[in-house]
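Chemist: Have a peek at coords-v8.txt (compact mmCIF, C-alpha atoms).
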```txt
# COMPACT_ATOMS: atom_id res chain seq x y z
CA MET A 1 15.33 -5.61 19.31
CA VAL A 2 16.80 -8.91 18.14
CA ASP A 3 15.02 -11.61 16.22
CA ASP A 4 14.83 -14.75 18.35
CA ASP A 5 13.03 -16.89 15.77
CA PRO A 6 15.67 -18.79 13.75
CA LEU A 7 13.09 -19.83 11.15
CA GLU A 8 12.20 -16.19 10.59
CA ALA A 9 15.84 -15.14 10.23
CA ARG A 10 16.39 -17.97 7.74
CA ALA A 11 13.26 -17.03 5.77
CA ILE A 12 14.38 -13.39 5.52
CA ALA A 13 17.84 -14.44 4.34
CA ARG A 14 16.33 -16.75 1.69
CA VAL A 15 13.94 -14.06 0.42
CA GLN A 16 16.87 -11.64 0.19
CA GLN A 17 18.63 -14.22 -1.98
CA GLY A 18 15.63 -14.34 -4.33
CA ASP A 19 13.62 -17.27 -2.95
CA ALA A 20 10.06 -15.87 -3.05
CA GLU A 21 8.55 -19.08 -1.61
CA ALA A 22 10.31 -18.40 1.70
CA TYR A 23 8.19 -15.27 2.08
CA ASP A 24 5.16 -17.47 2.84
CA TYR A 25 6.57 -18.11 6.31
CA LEU A 26 6.65 -14.39 7.12
CA VAL A 27 3.18 -13.80 5.66
CA GLY A 28 1.79 -16.73 7.66
CA LYS A 29 3.37 -15.55 10.88
CA TYR A 30 2.33 -11.89 10.74
CA LEU A 31 -0.75 -11.65 8.52
CA ARG A 32 -3.38 -11.94 11.27
CA ARG A 33 -1.81 -9.15 13.32
CA VAL A 34 -1.22 -6.95 10.30
CA VAL A 35 -4.90 -7.19 9.27
CA SER A 36 -5.95 -6.43 12.84
CA ILE A 37 -3.73 -3.32 13.04
CA ALA A 38 -5.04 -2.07 9.70
CA TRP A 39 -8.63 -2.72 10.74
CA GLY A 40 -8.09 -0.80 13.99
CA VAL A 41 -7.20 2.29 12.00
CA VAL A 42 -9.54 2.12 9.00
CA ARG A 43 -12.42 0.17 10.65
CA ASN A 44 -13.38 -1.61 7.47
CA ALA A 45 -12.60 -5.24 6.59
CA HIS A 46 -12.24 -4.67 2.86
CA ASP A 47 -9.78 -1.79 3.29
CA ALA A 48 -7.90 -3.74 5.97
CA GLU A 49 -7.43 -6.68 3.57
CA ASP A 50 -6.15 -4.39 0.82
CA LEU A 51 -3.81 -2.65 3.21
CA ALA A 52 -2.39 -5.94 4.50
CA GLN A 53 -1.77 -7.08 0.94
CA GLU A 54 -0.09 -3.81 -0.03
CA ALA A 55 2.04 -3.81 3.12
CA PHE A 56 3.38 -7.32 2.46
CA VAL A 57 4.08 -6.56 -1.20
CA LYS A 58 5.92 -3.37 -0.24
CA ALA A 59 7.94 -5.18 2.43
CA TYR A 60 8.88 -7.83 -0.14
CA GLU A 61 10.01 -5.21 -2.63
CA SER A 62 12.19 -3.50 -0.01
CA ILE A 63 13.48 -6.62 1.72
CA GLY A 64 16.96 -6.01 0.30
CA ARG A 65 17.26 -3.05 2.65
CA PHE A 66 16.11 -5.03 5.68
CA ARG A 67 18.86 -5.57 8.24
CA GLY A 68 19.53 -9.19 9.13
CA GLY A 69 19.00 -10.18 12.76
CA GLU A 70 16.16 -7.70 13.27
CA PRO A 71 12.63 -9.02 13.82
CA PHE A 72 10.32 -8.66 10.83
CA GLY A 73 7.26 -7.79 12.96
CA PRO A 74 7.94 -4.14 13.87
CA TRP A 75 8.91 -3.43 10.28
CA ILE A 76 5.76 -4.81 8.69
CA TYR A 77 3.63 -3.24 11.47
CA ARG A 78 5.19 0.12 10.69
CA ILE A 79 4.53 -0.26 6.97
CA VAL A 80 0.87 -1.18 7.47
CA THR A 81 0.35 1.58 10.07
CA ASN A 82 1.72 4.20 7.66
CA LYS A 83 -0.42 2.90 4.83
CA ALA A 84 -3.52 2.88 7.04
CA LEU A 85 -2.81 6.46 8.16
CA ASP A 86 -2.55 7.49 4.51
CA VAL A 87 -6.00 5.99 3.87
CA LEU A 88 -7.34 7.86 6.89
CA LYS A 89 -5.88 11.18 5.65
CA HIS A 90 -7.36 10.59 2.21
CA ARG A 91 -10.74 9.80 3.74
CA THR A 92 -10.70 12.93 5.91
CA LYS A 93 -9.96 15.06 2.87
CA PHE A 94 -12.60 13.24 0.82
CA ARG A 95 -15.15 13.55 3.62
CA HIS A 96 -14.70 17.34 3.72
CA GLU A 97 -15.51 17.48 0.03
CA GLU A 98 -18.39 15.04 0.50
CA LEU A 99 -19.93 17.09 3.31
CA GLU A 100 -20.27 20.07 1.06
CA ALA A 101 -22.42 18.09 -1.35
CA THR A 102 -24.12 15.29 0.53
CA GLU A 103 -24.06 13.04 3.62
CA PRO A 104 -20.79 11.18 4.21
CA ALA A 105 -20.77 7.50 3.34
CA ALA A 106 -20.70 5.01 6.22
CA ARG A 107 -17.10 3.89 6.86
CA ARG A 108 -17.36 1.85 10.01
CA ASP A 109 -17.90 -1.84 9.97
CA ASP A 110 -18.82 -2.65 13.55
CA ALA A 111 -20.65 -5.85 12.68
CA GLU A 112 -17.25 -7.46 12.04
CA LEU A 113 -16.26 -7.28 15.70
CA PRO A 114 -18.02 -9.82 17.94
CA ALA A 115 -16.66 -8.16 21.13
CA LEU A 116 -18.85 -5.17 20.37
CA SER A 117 -21.91 -7.23 21.22
CA SER A 118 -21.09 -6.65 24.91
CA GLU A 119 -21.95 -3.37 26.64
CA ILE A 120 -18.38 -2.91 27.94
CA GLY A 121 -16.94 -3.53 24.49
CA ARG A 122 -19.28 -1.02 22.88
CA ARG A 123 -18.54 1.64 25.49
CA ILE A 124 -14.76 1.26 25.22
CA ASP A 125 -14.88 1.24 21.44
CA SER A 126 -17.03 4.34 21.38
CA ALA A 127 -14.82 6.17 23.91
CA LEU A 128 -11.71 5.32 21.86
CA ASP A 129 -13.42 6.49 18.71
CA GLU A 130 -14.12 9.92 20.17
CA LEU A 131 -10.43 10.62 20.78
CA PRO A 132 -8.48 12.88 18.40
CA ASP A 133 -6.72 10.99 15.57
CA MET A 134 -3.22 10.45 17.01
CA GLN A 135 -4.46 9.79 20.55
CA ARG A 136 -6.90 7.26 19.13
CA LEU A 137 -4.18 5.54 17.12
CA VAL A 138 -1.75 5.34 20.03
CA ALA A 139 -4.46 4.31 22.51
CA ARG A 140 -5.74 1.58 20.18
CA LEU A 141 -2.25 0.22 19.60
CA HIS A 142 -1.59 0.17 23.34
CA LEU A 143 -4.95 -0.96 24.67
CA VAL A 144 -6.40 -3.11 21.90
CA GLU A 145 -3.27 -4.40 20.13
CA GLN A 146 -1.36 -4.50 23.44
CA PHE A 147 1.87 -2.98 22.13
CA ASP A 148 4.21 -1.20 24.56
CA HIS A 149 5.47 2.40 24.20
CA ALA A 150 8.68 1.50 22.41
CA GLU A 151 6.87 -0.71 19.90
CA ILE A 152 4.32 2.03 19.19
CA ALA A 153 7.11 4.57 18.73
CA ALA A 154 8.82 2.26 16.23
CA MET A 155 5.58 1.66 14.33
CA THR A 156 4.39 5.24 14.11
CA GLY A 157 7.72 7.04 13.80
CA LEU A 158 6.83 9.13 16.87
CA SER A 159 9.31 9.60 19.69
CA ASP A 160 8.82 7.63 22.89
CA GLY A 161 7.97 10.88 24.72
CA THR A 162 5.29 11.81 22.17
CA VAL A 163 3.74 8.35 22.45
CA ARG A 164 3.63 8.68 26.26
CA SER A 165 2.12 12.15 25.96
CA HIS A 166 -0.63 11.01 23.56
CA LEU A 167 -1.34 8.05 25.78
CA SER A 168 -1.51 10.17 28.92
CA LEU A 169 -4.03 12.54 27.34
CA ALA A 170 -6.05 9.62 26.01
CA ARG A 171 -5.99 7.97 29.42
CA LYS A 172 -7.47 11.06 31.11
CA LYS A 173 -10.28 11.34 28.57
CA LEU A 174 -11.04 7.62 28.69
CA LYS A 175 -11.18 7.72 32.49
CA GLU A 176 -13.71 10.54 32.36
CA ARG A 177 -15.87 8.82 29.79
CA LEU A 178 -15.71 5.36 31.33
CA ALA A 179 -15.76 6.34 35.01
CA ASP A 180 -19.15 4.72 35.66
CA LEU A 181 -18.06 1.49 33.99
CA TYR A 182 -15.00 1.01 36.18
CA GLY A 183 -16.44 2.44 39.40
CA ASP A 184 -14.16 5.47 39.58
CA PRO A 185 -14.47 6.76 43.16
CA SER A 186 -13.70 10.37 42.16
CA MET B 214 -0.44 0.58 42.18
CA SER B 215 -2.57 3.76 42.12
CA ASP B 216 -6.31 3.81 41.33
CA ASP B 217 -5.43 5.41 38.04
CA ASP B 218 -3.08 2.57 37.14
CA LYS B 219 -5.63 -0.03 38.24
CA PHE B 220 -8.26 1.60 36.04
CA PHE B 221 -5.90 1.54 33.07
CA GLU B 222 -4.94 -2.10 33.63
CA ARG B 223 -8.60 -3.15 33.74
CA LEU B 224 -9.36 -1.06 30.70
CA ARG B 225 -6.45 -2.65 28.83
CA ALA B 226 -7.62 -6.14 29.73
CA ASP B 227 -11.13 -5.41 28.40
CA ALA B 228 -9.92 -3.49 25.35
CA GLY B 229 -7.72 -6.41 24.33
CA LYS B 230 -10.91 -8.31 23.48
CA LEU B 231 -11.71 -5.68 20.85
CA ARG B 232 -8.88 -6.86 18.63
CA TYR B 233 -10.12 -7.72 15.16
CA GLN B 234 -9.75 -11.42 14.37
CA PRO B 235 -9.99 -12.19 10.66
CA ASP B 236 -11.32 -15.71 9.95
CA GLU B 237 -9.29 -18.43 8.24
CA VAL B 238 -11.05 -17.94 4.89
CA THR B 239 -10.16 -14.25 4.86
CA LEU B 240 -6.56 -14.99 5.79
CA ALA B 241 -6.28 -17.62 3.05
CA ARG B 242 -7.73 -15.18 0.52
CA ILE B 243 -5.22 -12.45 1.43
CA ARG B 244 -2.34 -14.94 1.34
CA ALA B 245 -3.40 -16.04 -2.13
CA ARG B 246 -3.60 -12.43 -3.32
CA ILE B 247 -0.13 -11.66 -1.95
CA HIS B 248 1.21 -14.83 -3.57
CA ASP B 249 -0.31 -13.83 -6.94
CA ARG B 250 1.15 -10.34 -6.77
CA LEU B 251 4.63 -11.63 -5.97
CA GLU B 252 4.43 -14.32 -8.65
CA HIS B 253 3.41 -11.74 -11.21
CA GLN B 254 6.27 -9.50 -10.13
CA ASN B 255 8.81 -12.29 -10.30
CA ALA B 256 7.66 -13.63 -13.67
CA LYS B 257 10.77 -13.62 -15.89
CA PRO B 258 10.32 -13.00 -19.66
CA GLY B 259 10.78 -16.02 -21.96
CA VAL B 260 13.08 -16.24 -25.04
CA LEU B 261 10.33 -15.07 -27.41
CA GLU B 262 9.49 -12.07 -25.19
CA LEU B 263 13.18 -11.14 -24.98
CA LEU B 264 13.55 -11.38 -28.79
CA ALA B 265 10.38 -9.33 -29.27
CA ALA B 266 11.73 -6.70 -26.90
CA TRP B 267 14.94 -6.52 -28.97
CA PHE B 268 13.27 -6.47 -32.36
CA ARG B 269 10.45 -4.07 -31.58
CA PRO B 270 12.57 -0.87 -31.63
CA LEU B 271 14.58 -2.19 -34.59
CA ALA B 272 11.40 -2.82 -36.59
CA ALA B 273 10.08 0.62 -35.66
CA THR B 274 13.30 2.27 -36.88
CA LEU B 275 13.28 0.34 -40.17
CA THR B 276 9.62 1.25 -40.74
CA ALA B 277 10.38 4.93 -40.11
CA ILE B 278 13.30 4.82 -42.59
CA ALA B 279 11.14 3.09 -45.23
CA ILE B 280 8.36 5.68 -44.86
CA ALA B 281 10.87 8.56 -45.08
CA ALA B 282 12.47 7.01 -48.19
CA ALA B 283 9.07 6.50 -49.90
CA ILE B 284 8.10 10.12 -49.26
CA GLY B 285 11.50 11.30 -50.61
CA VAL B 286 11.27 9.28 -53.84
CA ASN B 287 7.75 10.51 -54.48
CA SER B 288 8.90 14.11 -54.02
CA ILE B 289 11.84 13.66 -56.47
CA ASP B 290 9.52 12.09 -59.06
CA THR B 291 7.22 15.08 -58.89
CA THR B 292 10.15 17.51 -59.30
CA ASP B 293 11.61 15.58 -62.26
CA THR B 294 8.31 15.73 -64.11
CA THR B 295 8.28 19.52 -63.94
CA VAL B 296 11.88 19.71 -65.19
CA LEU B 297 11.13 17.56 -68.26
CA ASP B 298 7.96 19.43 -69.03
CA PRO B 299 9.29 22.13 -71.44
CA ALA B 300 9.51 21.16 -75.14
CA VAL B 301 12.92 20.39 -76.70
CA GLU B 302 14.05 22.68 -79.54
CA ILE B 303 16.26 21.35 -82.34
CA SER B 304 18.03 23.67 -84.81
CA MET B 305 18.83 22.27 -88.23
CA ALA B 306 19.99 24.13 -91.35
CA GLY B 307 18.98 27.49 -89.91
CA ASP B 308 15.48 26.33 -88.98
CA THR B 309 14.37 25.62 -85.44
CA TYR B 310 12.02 22.73 -84.72
CA SER B 311 10.23 22.29 -81.46
CA VAL B 312 9.70 18.70 -80.21
CA GLY B 313 7.44 17.95 -77.31
CA HIS B 314 3.80 17.85 -76.28
```
Please express what this file holds, its structure, as structure tokens.

Modeler:
Amino acid sequence: MVDDDPLEARAIARVQQGDAEAYDYLVGKYLRRVVSIAWGVVRNAHDAEDLAQEAFVKAYESIGRFRGGEPFGPWIYRIVTNKALDVLKHRTKFRHEELEATEPAARRDDAELPALSSEIGRRIDSALDELPDMQRLVARLHLVEQFDHAEIAAMTGLSDGTVRSHLSLARKKLKERLADLYGDPS
Amino acid sequence: MSDDDKFFERLRADAGKLRYQPDEVTLARIRARIHDRLEHQNAKPGVLELLAAWFRPLAATLTAIAIAAAIGVNSIDTTDTTVLDPAVEISMAGDTYSVGH
């Protein structure tokens, strides 16, 4: 992957030389997508904001190791995906402890997504949510965020084959659950 | 294109609408927070802070030496008092006189 945005390449070079103001360009260009990716994993606006902030700060701190000529997007997407997965792992662990004592706290924030007001949106979201963790992550990145296999592999650290395998399993389950919605003849 | 592929294409088109879209206020708030964090990180110490950083360990060392010296002097004083305590005896013309207390 080669960076085809000269402004982005220039901004990265300037940040690497110590010009912090140049980082604004990268934040402005990728922030919306980074928040969306984080939200897709953690399903909570507050956590997604925190994760986006942490991801950009971490990327800034490590920008010296960033190779020139590469696009910034996949790198920051990978950082935020890893951070979001860490939050998810922590929550799962915490929820196990919580269940022993009391009811788990509500984590989802569906009201933040206008598309869920439609029946189709609700059904797809619910079907995605029922998938096992990694299938859900890969399916969301492919279907909702519209990334291709190679991009998902780069973001998650999984091999291309593993991404395809997760997606294939997810696809079968989604087809079963949404058959009536899409008029599956079988 | 197979039925399976068609299903997946339609699903992908509908699922794309589920992408979370943060509003402009939220984006501005996050940008400001990132900016603050980076500014805080990049803040370079001024001359006074640099001098304070240099003098702080020096002052701590001098204080430690002063405390150790004060304790030492006090201990010597106490010892000296016990040494001088016994009375002094003076012999003169076969008689011994005791001077002290």

Chemist: Pull out every residue of chain B that has at least one atom within 10 Å of chain A, counting all atoms listed in the file, and report them as number ranges by chain.

Modeler: B: 216-237, 239-248, 250-252, 254-255

Chemist: If I take atom CA of Ala127 of chain A and atom CA of His90 of chain A, how far is one from the other in Å, to one decimal?

Modeler: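 Between these atoms lies a distance of 23.4 Å.
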
Chemist: Have a look at atom CA of Asp86 of chain A and atom CA of Arg136 of chain A and let me know their distance in Å, one decimal.

Modeler: 15.3 Å

Chemist: Using all atoms listed in the file, list the residues that have an atom at most 12 Å from (0.7, 4.4, 6.3), coordinates as in the file, as a PDB file with C-alpha atoms, in the frame of the given file.

Modeler:
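Listed below is the output, part02.pdb:
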```pdb
ATOM      1  CA  ILE A  37      -3.730  -3.320  13.040  1.00  0.00           C
ATOM      2  CA  ALA A  38      -5.040  -2.070   9.700  1.00  0.00           C
ATOM      3  CA  VAL A  41      -7.200   2.290  12.000  1.00  0.00           C
ATOM      4  CA  VAL A  42      -9.540   2.120   9.000  1.00  0.00           C
ATOM      5  CA  ALA A  48      -7.900  -3.740   5.970  1.00  0.00           C
ATOM      6  CA  LEU A  51      -3.810  -2.650   3.210  1.00  0.00           C
ATOM      7  CA  ALA A  52      -2.390  -5.940   4.500  1.00  0.00           C
ATOM      8  CA  GLU A  54      -0.090  -3.810  -0.030  1.00  0.00           C
ATOM      9  CA  ALA A  55       2.040  -3.810   3.120  1.00  0.00           C
ATOM     10  CA  LYS A  58       5.920  -3.370  -0.240  1.00  0.00           C
ATOM     11  CA  ILE A  76       5.760  -4.810   8.690  1.00  0.00           C
ATOM     12  CA  TYR A  77       3.630  -3.240  11.470  1.00  0.00           C
ATOM     13  CA  ARG A  78       5.190   0.120  10.690  1.00  0.00           C
ATOM     14  CA  ILE A  79       4.530  -0.260   6.970  1.00  0.00           C
ATOM     15  CA  VAL A  80       0.870  -1.180   7.470  1.00  0.00           C
ATOM     16  CA  THR A  81       0.350   1.580  10.070  1.00  0.00           C
ATOM     17  CA  ASN A  82       1.720   4.200   7.660  1.00  0.00           C
ATOM     18  CA  LYS A  83      -0.420   2.900   4.830  1.00  0.00           C
ATOM     19  CA  ALA A  84      -3.520   2.880   7.040  1.00  0.00           C
ATOM     20  CA  LEU A  85      -2.810   6.460   8.160  1.00  0.00           C
ATOM     21  CA  ASP A  86      -2.550   7.490   4.510  1.00  0.00           C
ATOM     22  CA  VAL A  87      -6.000   5.990   3.870  1.00  0.00           C
ATOM     23  CA  LEU A  88      -7.340   7.860   6.890  1.00  0.00           C
ATOM     24  CA  LYS A  89      -5.880  11.180   5.650  1.00  0.00           C
ATOM     25  CA  HIS A  90      -7.360  10.590   2.210  1.00  0.00           C
ATOM     26  CA  LEU A 137      -4.180   5.540  17.120  1.00  0.00           C
ATOM     27  CA  MET A 155       5.580   1.660  14.330  1.00  0.00           C
ATOM     28  CA  THR A 156       4.390   5.240  14.110  1.00  0.00           C
ATOM     29  CA  GLY A 157       7.720   7.040  13.800  1.00  0.00           C
TER      30      GLY A 157
END
```

Chemist: Using the file's own x, y and z axes, so that the box edges lie along x, y and z, what centre and edge lengths in Å (one decimal) does a box around every listed atom of segment 127-146 of chain A get when 5 Å is added on each side? Give it as lines of an AutoDock Vina configuration file.

Modeler:
```
center_x = -8.1
center_y = 4.2
center_z = 20.1
size_x = 23.5
size_y = 27.4
size_z = 19.1
```

Chemist: Would you mind reading off the distance between atom CA of Ser118 of chain A and atom CA of Asp180 of chain A, one decimal, in Å?

Modeler: 15.8 Å
